[in-house]
>>> print(open('query-v2.csv').read())   # CSV, C-alpha atoms
chain,number,residue,atom,x,y,z
A,1,MET,CA,-26.4,9.9,10.0
A,2,SER,CA,-30.1,9.3,10.7
A,3,SER,CA,-31.9,10.8,13.7
A,4,ASN,CA,-32.1,7.4,15.3
A,5,ASP,CA,-28.3,7.2,15.7
A,6,THR,CA,-27.6,8.7,19.1
A,7,PRO,CA,-23.9,9.3,19.5
A,8,SER,CA,-22.5,8.3,22.9
A,9,THR,CA,-20.1,10.4,24.9
A,10,HIS,CA,-17.3,8.0,23.9
A,11,ALA,CA,-14.1,10.0,23.2
A,12,VAL,CA,-12.9,9.6,19.6
A,13,ASP,CA,-9.4,10.0,18.3
A,14,MET,CA,-9.6,10.4,14.5
A,15,THR,CA,-5.9,10.9,13.9
A,16,THR,CA,-4.2,8.7,11.3
A,17,THR,CA,-0.8,8.3,9.8
A,18,TYR,CA,-0.4,8.3,6.0
A,19,LEU,CA,3.0,8.2,4.3
A,20,GLY,CA,4.6,8.8,7.7
A,21,LEU,CA,2.6,12.1,8.0
A,22,LYS,CA,0.4,12.4,11.1
A,23,LEU,CA,-3.0,13.7,10.0
A,24,LYS,CA,-5.8,15.0,12.2
A,25,HIS,CA,-8.2,12.6,10.4
A,26,PRO,CA,-8.1,10.4,7.2
A,27,PHE,CA,-10.0,12.7,4.8
A,28,ILE,CA,-7.8,14.7,2.3
A,29,ALA,CA,-8.5,16.5,-0.9
A,30,GLY,CA,-7.2,14.5,-3.8
A,31,ALA,CA,-5.6,15.9,-7.0
A,32,SER,CA,-8.1,18.2,-8.7
A,33,PRO,CA,-8.4,21.7,-10.3
A,34,LEU,CA,-9.2,23.0,-6.7
A,35,SER,CA,-5.5,22.6,-5.8
A,36,ALA,CA,-4.2,24.8,-8.6
A,37,HIS,CA,-5.3,28.0,-6.8
A,38,LEU,CA,-4.1,29.4,-3.5
A,39,ASP,CA,-7.5,30.6,-2.4
A,40,SER,CA,-9.2,27.3,-3.0
A,41,VAL,CA,-6.5,25.4,-1.1
A,42,ARG,CA,-7.1,27.8,1.8
A,43,ARG,CA,-10.8,27.0,1.5
A,44,LEU,CA,-10.0,23.3,1.7
A,45,GLU,CA,-7.9,23.8,4.8
A,46,ASP,CA,-10.7,25.9,6.4
A,47,ALA,CA,-13.2,23.2,5.6
A,48,GLY,CA,-11.1,20.7,7.4
A,49,ALA,CA,-9.0,18.9,4.8
A,50,ALA,CA,-6.2,17.0,6.6
A,51,ALA,CA,-3.9,17.4,3.5
A,52,VAL,CA,-4.1,18.4,-0.1
A,53,VAL,CA,-2.7,16.5,-3.2
A,54,LEU,CA,-1.9,18.9,-5.9
A,55,HIS,CA,-3.0,18.6,-9.5
A,56,SER,CA,-0.3,16.6,-11.5
A,57,LEU,CA,2.6,17.8,-13.5
A,58,PHE,CA,2.7,15.5,-16.6
A,59,GLU,CA,5.7,13.7,-18.0
A,60,GLU,CA,4.9,15.2,-21.5
A,61,GLN,CA,4.6,18.7,-20.0
A,62,ILE,CA,8.0,18.3,-18.2
A,63,THR,CA,9.9,17.0,-21.2
A,64,GLU,CA,8.4,19.6,-23.5
A,65,ALA,CA,9.6,22.3,-21.1
A,66,GLN,CA,13.0,20.8,-20.8
A,67,SER,CA,13.7,19.9,-24.5
A,68,GLY,CA,10.8,21.1,-26.6
A,69,ARG,CA,10.0,17.4,-27.3
A,70,ILE,CA,7.2,15.1,-26.4
A,71,HIS,CA,8.3,11.5,-26.3
A,72,GLY,CA,11.4,12.5,-28.2
A,73,ILE,CA,9.4,14.0,-31.0
A,74,ASP,CA,10.0,17.6,-32.2
A,75,PRO,CA,7.2,18.6,-34.6
A,76,ILE,CA,9.0,21.9,-35.4
A,77,ASP,CA,12.1,20.2,-36.7
A,78,ASP,CA,10.1,17.6,-38.5
A,79,PRO,CA,6.5,18.7,-39.3
A,80,SER,CA,5.7,15.3,-40.6
A,81,LEU,CA,5.8,14.0,-37.0
A,82,ALA,CA,3.3,16.6,-35.8
A,83,PRO,CA,0.2,14.2,-36.0
A,84,ARG,CA,1.9,11.9,-33.5
A,85,VAL,CA,1.8,14.5,-30.7
A,86,ALA,CA,-1.4,16.3,-31.9
A,87,ALA,CA,-3.5,14.7,-29.1
A,88,PHE,CA,-1.5,16.4,-26.4
A,89,PRO,CA,-2.6,19.9,-25.2
A,90,PRO,CA,-0.3,22.8,-25.8
A,91,ALA,CA,1.7,24.1,-22.9
A,92,SER,CA,-0.6,27.1,-22.5
A,93,GLU,CA,-3.5,24.8,-21.5
A,94,TYR,CA,-1.9,23.3,-18.4
A,95,PRO,CA,-2.9,24.9,-15.2
A,96,LEU,CA,0.7,25.5,-14.2
A,97,LEU,CA,4.0,25.3,-16.0
A,98,PRO,CA,6.8,23.3,-14.2
A,99,ASP,CA,8.5,26.4,-12.8
A,100,GLU,CA,5.1,27.9,-11.8
A,101,TYR,CA,4.3,24.6,-10.0
A,102,LEU,CA,7.3,25.0,-7.9
A,103,GLU,CA,6.3,28.6,-7.0
A,104,HIS,CA,2.8,27.4,-6.2
A,105,ILE,CA,4.2,24.9,-3.7
A,106,ARG,CA,6.3,27.6,-2.0
A,107,ALA,CA,3.3,29.9,-1.8
A,108,LEU,CA,1.1,27.2,-0.3
A,109,LYS,CA,3.7,26.2,2.3
A,110,ALA,CA,3.9,29.9,3.3
A,111,SER,CA,0.1,30.2,3.6
A,112,VAL,CA,-1.4,26.9,4.9
A,113,GLN,CA,-0.5,24.5,7.7
A,114,ILE,CA,-1.7,21.2,6.3
A,115,PRO,CA,0.7,18.9,4.4
A,116,ILE,CA,1.0,19.6,0.7
A,117,ILE,CA,1.5,16.5,-1.5
A,118,ALA,CA,3.0,17.2,-5.0
A,119,SER,CA,2.0,15.0,-7.9
A,120,LEU,CA,3.7,13.7,-11.0
A,121,ASN,CA,1.9,11.8,-13.8
A,122,GLY,CA,3.8,9.6,-16.2
A,123,THR,CA,4.4,6.2,-17.6
A,124,GLY,CA,7.7,4.9,-16.1
A,125,ALA,CA,11.3,5.7,-15.4
A,126,GLY,CA,13.1,8.6,-17.1
A,127,GLN,CA,14.7,11.9,-16.8
A,128,TRP,CA,11.3,13.6,-16.2
A,129,LEU,CA,11.4,12.1,-12.7
A,130,ARG,CA,14.3,14.4,-11.8
A,131,GLN,CA,11.6,17.0,-11.4
A,132,ALA,CA,10.7,15.3,-8.2
A,133,LYS,CA,13.9,16.6,-6.5
A,134,LEU,CA,12.8,20.2,-7.4
A,135,LEU,CA,9.4,19.5,-5.9
A,136,GLN,CA,11.0,18.3,-2.7
A,137,GLU,CA,13.3,21.4,-2.6
A,138,ALA,CA,10.2,23.7,-3.1
A,139,GLY,CA,8.8,22.3,0.2
A,140,ALA,CA,6.4,19.4,-0.8
A,141,ASP,CA,5.8,17.2,2.2
A,142,ALA,CA,5.3,14.1,0.0
A,143,LEU,CA,5.0,13.0,-3.6
A,144,GLU,CA,2.3,11.1,-5.3
A,145,VAL,CA,3.3,9.5,-8.6
A,146,ASN,CA,0.4,8.7,-10.9
A,147,PHE,CA,1.4,5.9,-13.3
A,148,TYR,CA,-1.3,6.0,-16.1
A,149,GLU,CA,-0.7,4.2,-19.3
A,150,VAL,CA,-2.8,2.0,-21.6
A,151,THR,CA,-0.3,-0.4,-23.2
A,152,THR,CA,-1.4,-0.9,-26.8
A,153,HIS,CA,1.6,-2.8,-28.2
A,154,ALA,CA,1.1,-6.5,-28.2
A,155,SER,CA,4.8,-7.1,-27.9
A,156,ILE,CA,5.1,-5.4,-24.5
A,157,SER,CA,4.8,-8.0,-21.7
A,158,PRO,CA,3.1,-7.6,-18.3
A,159,GLU,CA,6.6,-8.1,-16.7
A,160,ALA,CA,8.0,-5.2,-18.7
A,161,VAL,CA,5.1,-2.8,-17.7
A,162,GLU,CA,5.5,-3.7,-14.0
A,163,GLY,CA,9.3,-3.6,-14.2
A,164,ARG,CA,9.2,0.0,-15.6
A,165,ILE,CA,7.0,1.1,-12.7
A,166,VAL,CA,9.1,-0.6,-10.0
A,167,ARG,CA,12.4,0.9,-11.5
A,168,ALA,CA,10.8,4.3,-11.4
A,169,VAL,CA,9.9,4.0,-7.8
A,170,ASP,CA,13.4,2.6,-6.9
A,171,ASP,CA,14.9,5.7,-8.7
A,172,LEU,CA,12.7,8.0,-6.8
A,173,LYS,CA,13.4,6.5,-3.4
A,174,ARG,CA,17.2,6.9,-4.1
A,175,LEU,CA,16.6,10.5,-5.1
A,176,LEU,CA,14.2,11.8,-2.4
A,177,LYS,CA,14.0,12.1,1.3
A,178,ILE,CA,10.2,12.8,1.3
A,179,PRO,CA,7.8,9.9,1.2
A,180,VAL,CA,6.5,8.6,-2.2
A,181,ALA,CA,3.0,7.3,-2.9
A,182,VAL,CA,2.2,5.3,-6.0
A,183,LYS,CA,-1.1,5.8,-7.7
A,184,LEU,CA,-2.0,2.8,-10.0
A,185,PRO,CA,-4.8,1.5,-12.2
A,186,PRO,CA,-6.3,-1.8,-11.1
A,187,TYR,CA,-5.7,-3.6,-14.4
A,188,PHE,CA,-2.8,-5.8,-13.6
A,189,SER,CA,-3.0,-9.6,-13.8
A,190,ALA,CA,-1.7,-10.1,-10.3
A,191,PHE,CA,-2.1,-6.8,-8.5
A,192,ALA,CA,-1.1,-8.1,-5.1
A,193,HIS,CA,2.2,-9.2,-6.5
A,194,LEU,CA,2.9,-5.8,-8.0
A,195,ALA,CA,1.9,-4.1,-4.7
A,196,ASN,CA,4.4,-6.3,-2.9
A,197,ARG,CA,7.2,-5.5,-5.4
A,198,LEU,CA,6.5,-1.8,-4.9
A,199,ASP,CA,6.5,-2.3,-1.1
A,200,LEU,CA,9.9,-4.0,-1.4
A,201,ALA,CA,11.2,-1.1,-3.6
A,202,GLY,CA,10.5,1.3,-0.8
A,203,ALA,CA,7.2,2.9,-1.8
A,204,ASP,CA,5.6,4.6,1.2
A,205,GLY,CA,2.0,4.3,0.0
A,206,LEU,CA,-0.4,3.0,-2.7
A,207,VAL,CA,-3.3,5.0,-4.0
A,208,LEU,CA,-6.2,2.8,-5.2
A,209,PHE,CA,-7.1,3.5,-8.0
A,210,ASN,CA,-6.6,5.6,-11.1
A,211,ARG,CA,-9.8,6.2,-12.9
A,212,PHE,CA,-9.8,4.5,-16.4
A,213,TYR,CA,-10.8,7.2,-18.8
A,214,GLN,CA,-12.5,5.8,-22.0
A,215,PRO,CA,-13.2,7.9,-25.0
A,216,ASP,CA,-16.5,7.8,-26.8
A,217,ILE,CA,-17.0,7.9,-30.6
A,218,ASP,CA,-18.6,10.8,-32.4
A,219,LEU,CA,-20.9,9.4,-35.0
A,220,ASP,CA,-20.9,12.6,-37.1
A,221,THR,CA,-17.2,13.2,-37.2
A,222,LEU,CA,-16.2,9.5,-36.9
A,223,THR,CA,-13.5,10.5,-34.3
A,224,ALA,CA,-12.8,9.5,-30.8
A,225,THR,CA,-13.9,12.1,-28.3
A,226,PRO,CA,-12.8,12.6,-24.7
A,227,SER,CA,-15.4,11.6,-22.1
A,228,LEU,CA,-15.2,12.7,-18.5
A,229,HIS,CA,-17.8,12.2,-15.8
A,230,LEU,CA,-17.3,12.8,-12.1
A,231,SER,CA,-17.2,9.6,-10.1
A,232,GLY,CA,-20.0,8.3,-7.9
A,233,SER,CA,-20.4,5.8,-5.1
A,234,GLU,CA,-20.7,2.9,-7.6
A,235,GLU,CA,-17.0,3.1,-8.3
A,236,LEU,CA,-16.1,2.3,-4.7
A,237,LEU,CA,-16.6,-1.5,-4.7
A,238,LEU,CA,-13.5,-2.3,-6.7
A,239,ARG,CA,-11.4,-0.2,-4.3
A,240,LEU,CA,-12.9,-1.8,-1.2
A,241,ARG,CA,-12.1,-5.2,-2.6
A,242,TRP,CA,-8.4,-4.5,-3.0
A,243,LEU,CA,-8.1,-2.5,0.2
A,244,ALA,CA,-9.5,-5.5,2.0
A,245,ILE,CA,-7.1,-7.9,0.2
A,246,LEU,CA,-4.0,-5.8,0.8
A,247,HIS,CA,-4.6,-4.8,4.4
A,248,GLY,CA,-2.1,-6.2,6.8
A,249,LYS,CA,0.1,-7.7,4.1
A,250,LEU,CA,2.2,-4.7,3.3
A,251,ARG,CA,4.4,-2.2,5.2
A,252,LEU,CA,3.2,0.8,3.2
A,253,SER,CA,0.1,3.0,3.6
A,254,LEU,CA,-3.1,2.5,1.7
A,255,ALA,CA,-5.2,5.3,0.3
A,256,VAL,CA,-8.5,5.1,-1.5
A,257,THR,CA,-9.5,7.5,-4.3
A,258,GLY,CA,-12.7,7.3,-6.4
A,259,GLY,CA,-16.2,6.5,-5.2
A,260,VAL,CA,-16.1,8.3,-1.9
A,261,SER,CA,-19.0,10.8,-2.0
A,262,THR,CA,-20.2,10.8,1.6
A,263,TRP,CA,-19.1,9.8,5.1
A,264,ARG,CA,-20.6,6.3,4.5
A,265,GLU,CA,-18.2,5.5,1.7
A,266,GLY,CA,-15.3,6.9,3.7
A,267,VAL,CA,-16.2,4.7,6.7
A,268,LYS,CA,-16.4,1.6,4.5
A,269,ALA,CA,-12.9,2.4,3.0
A,270,ILE,CA,-11.4,2.6,6.5
A,271,LEU,CA,-13.1,-0.6,7.6
A,272,ALA,CA,-11.6,-2.3,4.5
A,273,GLY,CA,-8.1,-1.0,5.4
A,274,ALA,CA,-7.5,2.5,4.2
A,275,HIS,CA,-5.2,4.8,6.1
A,276,CYS,CA,-6.3,7.8,4.0
A,277,VAL,CA,-9.5,8.7,2.1
A,278,GLN,CA,-9.0,11.1,-0.9
A,279,MET,CA,-12.1,13.0,-2.1
A,280,VAL,CA,-12.3,14.8,-5.4
A,281,SER,CA,-15.6,14.6,-7.3
A,282,ALA,CA,-17.8,15.2,-4.2
A,283,LEU,CA,-15.8,18.4,-3.5
A,284,LEU,CA,-16.1,19.6,-7.1
A,285,ARG,CA,-19.9,19.0,-6.9
A,286,HIS,CA,-20.6,20.4,-3.5
A,287,GLY,CA,-17.6,22.6,-2.7
A,288,PRO,CA,-14.8,22.3,0.0
A,289,GLN,CA,-17.3,22.7,2.8
A,290,HIS,CA,-18.6,19.2,2.1
A,291,LEU,CA,-15.5,17.9,3.9
A,292,THR,CA,-16.7,19.5,7.1
A,293,SER,CA,-19.9,17.4,7.2
A,294,VAL,CA,-18.0,14.2,6.1
A,295,VAL,CA,-15.6,14.5,9.1
A,296,HIS,CA,-18.4,15.4,11.5
A,297,ASP,CA,-20.6,12.4,10.4
A,298,THR,CA,-17.7,10.0,10.5
A,299,ARG,CA,-16.9,11.0,14.1
A,300,ALA,CA,-20.6,10.6,15.0
A,301,TRP,CA,-20.6,7.1,13.5
A,302,MET,CA,-17.5,6.2,15.5
A,303,GLU,CA,-19.1,7.5,18.7
A,304,ALA,CA,-22.4,5.6,18.0
A,305,HIS,CA,-20.5,2.4,17.5
A,306,GLY,CA,-18.1,2.7,20.4
A,307,VAL,CA,-15.0,2.9,18.2
A,308,ASP,CA,-12.5,5.3,19.8
A,309,THR,CA,-9.5,5.2,17.3
A,310,MET,CA,-8.8,4.8,13.6
A,311,GLU,CA,-6.4,2.1,14.4
A,312,LYS,CA,-9.1,-0.1,15.9
A,313,MET,CA,-11.5,0.6,13.0
A,314,ARG,CA,-9.0,0.1,10.1
A,315,GLY,CA,-9.2,-3.2,8.4
A,316,SER,CA,-11.8,-4.7,10.8
A,317,VAL,CA,-13.8,-5.8,7.7
A,318,SER,CA,-10.9,-6.9,5.6
A,319,LEU,CA,-9.8,-10.3,4.2
A,320,GLN,CA,-7.4,-10.6,7.2
A,321,THR,CA,-10.4,-11.3,9.4
A,322,ALA,CA,-11.6,-14.2,7.2
A,323,ALA,CA,-10.6,-17.7,8.5
A,324,ASP,CA,-9.7,-18.8,4.9
A,325,PRO,CA,-9.3,-15.8,2.6
A,326,ARG,CA,-9.1,-17.9,-0.6
A,327,ASN,CA,-12.3,-19.9,0.1
A,328,PHE,CA,-14.0,-16.6,1.3
A,329,GLU,CA,-13.3,-15.0,-2.0
A,330,ARG,CA,-14.3,-18.0,-4.1
A,331,GLY,CA,-17.3,-18.8,-1.9
A,332,ASN,CA,-18.7,-15.3,-2.1
A,333,TYR,CA,-18.3,-15.3,-5.9
A,334,ILE,CA,-20.4,-18.4,-6.2
A,335,ARG,CA,-22.9,-17.3,-3.7
A,336,THR,CA,-23.4,-14.0,-5.5
A,337,LEU,CA,-24.2,-15.8,-8.8
A,338,HIS,CA,-26.6,-18.2,-7.2
A,339,GLU,CA,-28.5,-15.6,-5.2
A,340,TRP,CA,-29.5,-13.7,-8.3
A,341,LYS,CA,-33.3,-13.7,-8.7
A,342,ARG,CA,-35.4,-11.9,-11.2
>>> encode(input="query-v2.csv", output="structure tokens")
Amino acid sequence: MSSNDTPSTHAVDMTTTYLGLKLKHPFIAGASPLSAHLDSVRRLEDAGAAAVVLHSLFEEQITEAQSGRIHGIDPIDDPSLAPRVAAFPPASEYPLLPDEYLEHIRALKASVQIPIIASLNGTGAGQWLRQAKLLQEAGADALEVNFYEVTTHASISPEAVEGRIVRAVDDLKRLLKIPVAVKLPPYFSAFAHLANRLDLAGADGLVLFNRFYQPDIDLDTLTATPSLHLSGSEELLLRLRWLAILHGKLRLSLAVTGGVSTWREGVKAILAGAHCVQMVSALLRHGPQHLTSVVHDTRAWMEAHGVDTMEKMRGSVSLQTAADPRNFERGNYIRTLHEWKR
């Protein structure tokens, strides 16, 4: 905050509820390499993280450990199929094997006091989701399921893609007692409809959004090459839009991930409707201690603006506050285009 912002003595309660878990404030560490090590999770807790989401176990990793196959393909039995799974990393390159992941949860639960949210990453319903029961038994306080898939087959309809995700959530809710958050990409033709379907299926939270990773092309080798850059504040606007649209329309919790670098982006996310703010790239850039200043500065902003609870703050700049949400959206779209000046 600037030196001109003089906090009042107004008492502030930063507690929030996410996935039914009461947190001391909304800022948690999202899934990242930091969560794969006990020492770094301790550092996150010491820096003030209200919870930690663990790095994901992947569907392909789980099925390979269970059956030796990735997507039903065994390259040892049939070497001709090896190119079809060559893009996936070998088991040795994952931070933790499935059994090691369970031991990691047990070690964390014995060492830290903050909630530990396990994470699975896959494409839909299947036997791999049975791993969720083991994560619950190991002591995970909640589960985040990251559905990431780029559908390349023209014959697969949007209804089929959505149906697969909804069935997976329905299966998980029948299987588990711990809460389930669903992490999704934004690229659905009617995202609010899908969000409502997941709410009705029993999902406890939505995490907005997956980052869409796009490979580059190497002009020397003429091959696609992975391209990963840490996120910045410019990625927040899409998330703010959907937080503001969904706030007040669903039973489930809303979390933002991507684009939150400082307290300013965190405050914006809460004003738009977020129950929880996940931070990853900023912590990888600046270290876990960055969380301490984010929480401190958010509290100072609340004091300066006379906002004493997260409940009063949340969603106060959402579509729910517009007299006519449809015309608000369309009107602002037209106004944006007409206000452009060179």
>>> residues_around(input="query-v2.csv", residues="Pro33 (chain A)", least_positions_apart="5", cutoff="12 Å", atoms="all atoms listed in the file", output="ChimeraX atom specification")
/A:38-41,52-56,94-96,280-281,283-284,287
>>> closest_residue(input="query-v2.csv", among="A:Trp301, A:Phe209, A:Tyr148, A:Phe58", to="Ala118 (chain A)", atoms="all atoms listed in the file")
A:Phe58
>>> atom_distance(input="query-v2.csv", atom1="CA of Leu21 (chain A)", atom2="CA of Pro179 (chain A)")
8.8 Å
>>> residues_around(input="query-v2.csv", residues="Asp46 (chain A)", least_positions_apart="4", cutoff="9 Å", atoms="only C-alpha atoms", output="list in words")
Val41, Arg42, Pro288, Gln289 and Thr292 of chain A
>>> closest_residue(input="query-v2.csv", among="A:Arg299, A:Leu228, A:His305, A:Glu159", to="Asp216 (chain A)", atoms="all atoms listed in the file")
A:Leu228
>>> atom_distance(input="query-v2.csv", atom1="CA of Met14 (chain A)", atom2="CA of Gln320 (chain A)")
22.3 Å
>>> closest_residue(input="query-v2.csv", among="A:Leu243, A:Ile117, A:Val260, A:Leu236", to="Ala142 (chain A)", atoms="only C-alpha atoms")
A:Ile117
>>> closest_atom_pairs(input="query-v2.csv", of="region 173-257 of chain A", to="region 130-133 of chain A", cutoff="10 Å", atoms="all atoms listed in the file", output="CSV")
residue,atom,partner,partner_atom,distance
A:Leu175,CA,A:Lys133,CA,6.8
A:Leu176,CA,A:Lys133,CA,6.3
A:Lys177,CA,A:Lys133,CA,9.0
A:Ile178,CA,A:Lys133,CA,9.4
A:Val180,CA,A:Ala132,CA,9.9
>>> write_last_selection(input="query-v2.csv", atoms="C-alpha atoms", output="short mmCIF file (atom, residue, chain, number, x, y, z; two decimals), in the coordinates of the input")
data_model
loop_
_atom_site.label_atom_id
_atom_site.label_comp_id
_atom_site.auth_asym_id
_atom_site.auth_seq_id
_atom_site.Cartn_x
_atom_site.Cartn_y
_atom_site.Cartn_z
CA LEU A 175 16.60 10.50 -5.10
CA LEU A 176 14.20 11.80 -2.40
CA LYS A 177 14.00 12.10 1.30
CA ILE A 178 10.20 12.80 1.30
CA VAL A 180 6.50 8.60 -2.20
#
>>> residues_near_point(input="query-v2.csv", point="(-7.4, 2.3, -0.5)", cutoff="9 Å", atoms="all atoms listed in the file", output="PDB file with C-alpha atoms, keeping the file's coordinate frame")
ATOM      1  CA  LEU A 206      -0.400   3.000  -2.700  1.00  0.00           C
ATOM      2  CA  VAL A 207      -3.300   5.000  -4.000  1.00  0.00           C
ATOM      3  CA  LEU A 208      -6.200   2.800  -5.200  1.00  0.00           C
ATOM      4  CA  PHE A 209      -7.100   3.500  -8.000  1.00  0.00           C
ATOM      5  CA  ARG A 239     -11.400  -0.200  -4.300  1.00  0.00           C
ATOM      6  CA  LEU A 240     -12.900  -1.800  -1.200  1.00  0.00           C
ATOM      7  CA  TRP A 242      -8.400  -4.500  -3.000  1.00  0.00           C
ATOM      8  CA  LEU A 243      -8.100  -2.500   0.200  1.00  0.00           C
ATOM      9  CA  ALA A 244      -9.500  -5.500   2.000  1.00  0.00           C
ATOM     10  CA  LEU A 246      -4.000  -5.800   0.800  1.00  0.00           C
ATOM     11  CA  SER A 253       0.100   3.000   3.600  1.00  0.00           C
ATOM     12  CA  LEU A 254      -3.100   2.500   1.700  1.00  0.00           C
ATOM     13  CA  ALA A 255      -5.200   5.300   0.300  1.00  0.00           C
ATOM     14  CA  VAL A 256      -8.500   5.100  -1.500  1.00  0.00           C
ATOM     15  CA  THR A 257      -9.500   7.500  -4.300  1.00  0.00           C
ATOM     16  CA  ALA A 269     -12.900   2.400   3.000  1.00  0.00           C
ATOM     17  CA  ILE A 270     -11.400   2.600   6.500  1.00  0.00           C
ATOM     18  CA  ALA A 272     -11.600  -2.300   4.500  1.00  0.00           C
ATOM     19  CA  GLY A 273      -8.100  -1.000   5.400  1.00  0.00           C
ATOM     20  CA  ALA A 274      -7.500   2.500   4.200  1.00  0.00           C
ATOM     21  CA  HIS A 275      -5.200   4.800   6.100  1.00  0.00           C
ATOM     22  CA  CYS A 276      -6.300   7.800   4.000  1.00  0.00           C
ATOM     23  CA  VAL A 277      -9.500   8.700   2.100  1.00  0.00           C
ATOM     24  CA  GLN A 278      -9.000  11.100  -0.900  1.00  0.00           C
TER      25      GLN A 278
END
>>> atom_distance(input="query-v2.csv", atom1="CA of Leu102 (chain A)", atom2="CA of Leu134 (chain A)")
7.3 Å
>>> closest_residue(input="query-v2.csv", among="A:Asp324, A:Glu64, A:Glu100, A:Glu149", to="Phe212 (chain A)", atoms="only C-alpha atoms")
A:Glu149
>>> residues_around(input="query-v2.csv", residues="Val12 (chain A)", least_positions_apart="2", cutoff="9 Å", atoms="only C-alpha atoms", output="VMD selection string")
chain A and resid 9 to 10 14 299 302 to 303 306 to 310
>>> closest_atom_pairs(input="query-v2.csv", of="region 99-178 of chain A", to="region 195-198 of chain A", cutoff="10 Å", atoms="only C-alpha atoms", output="tab-separated table")
residue	atom	partner	partner_atom	distance
A:Glu162	CA	A:Arg197	CA	8.9
A:Gly163	CA	A:Arg197	CA	9.2
A:Ile165	CA	A:Leu198	CA	8.3
A:Val166	CA	A:Leu198	CA	5.8
A:Arg167	CA	A:Leu198	CA	9.3
A:Ala168	CA	A:Leu198	CA	9.9
A:Val169	CA	A:Leu198	CA	7.3
A:Asp170	CA	A:Leu198	CA	8.4
>>> residues_near_point(input="query-v2.csv", point="(3.7, 17.9, -16.0)", cutoff="8 Å", atoms="all atoms listed in the file", output="number ranges by chain")
A: 56-62, 97-98, 120-121
>>> closest_residue(input="query-v2.csv", among="A:Ile334, A:Ile28, A:Val267, A:Met279", to="Gly315 (chain A)", atoms="only C-alpha atoms")
A:Val267
>>> closest_residue(input="query-v2.csv", among="A:Ala138, A:Arg43, A:Ala31, A:Asp199", to="Ser119 (chain A)", atoms="all atoms listed in the file")
A:Ala31
>>> decode(input="query-v2.csv", residues="region 273-296 of chain A", atoms="C-alpha atoms", output="PDB file, in the first residue's frame")
ATOM      1  CA  GLY A 273     -16.472 -13.243  -5.584  1.00  0.00           C
ATOM      2  CA  ALA A 274     -13.551 -15.524  -4.646  1.00  0.00           C
ATOM      3  CA  HIS A 275     -13.672 -17.452  -1.357  1.00  0.00           C
ATOM      4  CA  CYS A 276     -10.034 -18.434  -1.797  1.00  0.00           C
ATOM      5  CA  VAL A 277      -6.979 -17.071  -3.614  1.00  0.00           C
ATOM      6  CA  GLN A 278      -4.349 -19.550  -4.799  1.00  0.00           C
ATOM      7  CA  MET A 279      -0.840 -18.252  -5.400  1.00  0.00           C
ATOM      8  CA  VAL A 280       1.870 -20.134  -7.306  1.00  0.00           C
ATOM      9  CA  SER A 281       4.042 -18.128  -9.706  1.00  0.00           C
ATOM     10  CA  ALA A 282       4.598 -15.263  -7.259  1.00  0.00           C
ATOM     11  CA  LEU A 283       5.781 -17.741  -4.613  1.00  0.00           C
ATOM     12  CA  LEU A 284       8.137 -19.416  -7.070  1.00  0.00           C
ATOM     13  CA  ARG A 285       9.539 -15.998  -8.018  1.00  0.00           C
ATOM     14  CA  HIS A 286       9.805 -14.441  -4.569  1.00  0.00           C
ATOM     15  CA  GLY A 287       9.724 -17.364  -2.141  1.00  0.00           C
ATOM     16  CA  PRO A 288       7.135 -18.383   0.475  1.00  0.00           C
ATOM     17  CA  GLN A 289       7.775 -15.227   2.521  1.00  0.00           C
ATOM     18  CA  HIS A 290       5.948 -13.236  -0.178  1.00  0.00           C
ATOM     19  CA  LEU A 291       2.700 -14.522   1.346  1.00  0.00           C
ATOM     20  CA  THR A 292       3.407 -12.666   4.577  1.00  0.00           C
ATOM     21  CA  SER A 293       3.365  -9.268   2.895  1.00  0.00           C
ATOM     22  CA  VAL A 294       0.322 -10.165   0.760  1.00  0.00           C
ATOM     23  CA  VAL A 295      -1.746 -10.998   3.838  1.00  0.00           C
ATOM     24  CA  HIS A 296      -0.457  -7.940   5.727  1.00  0.00           C
TER      25      HIS A 296
END
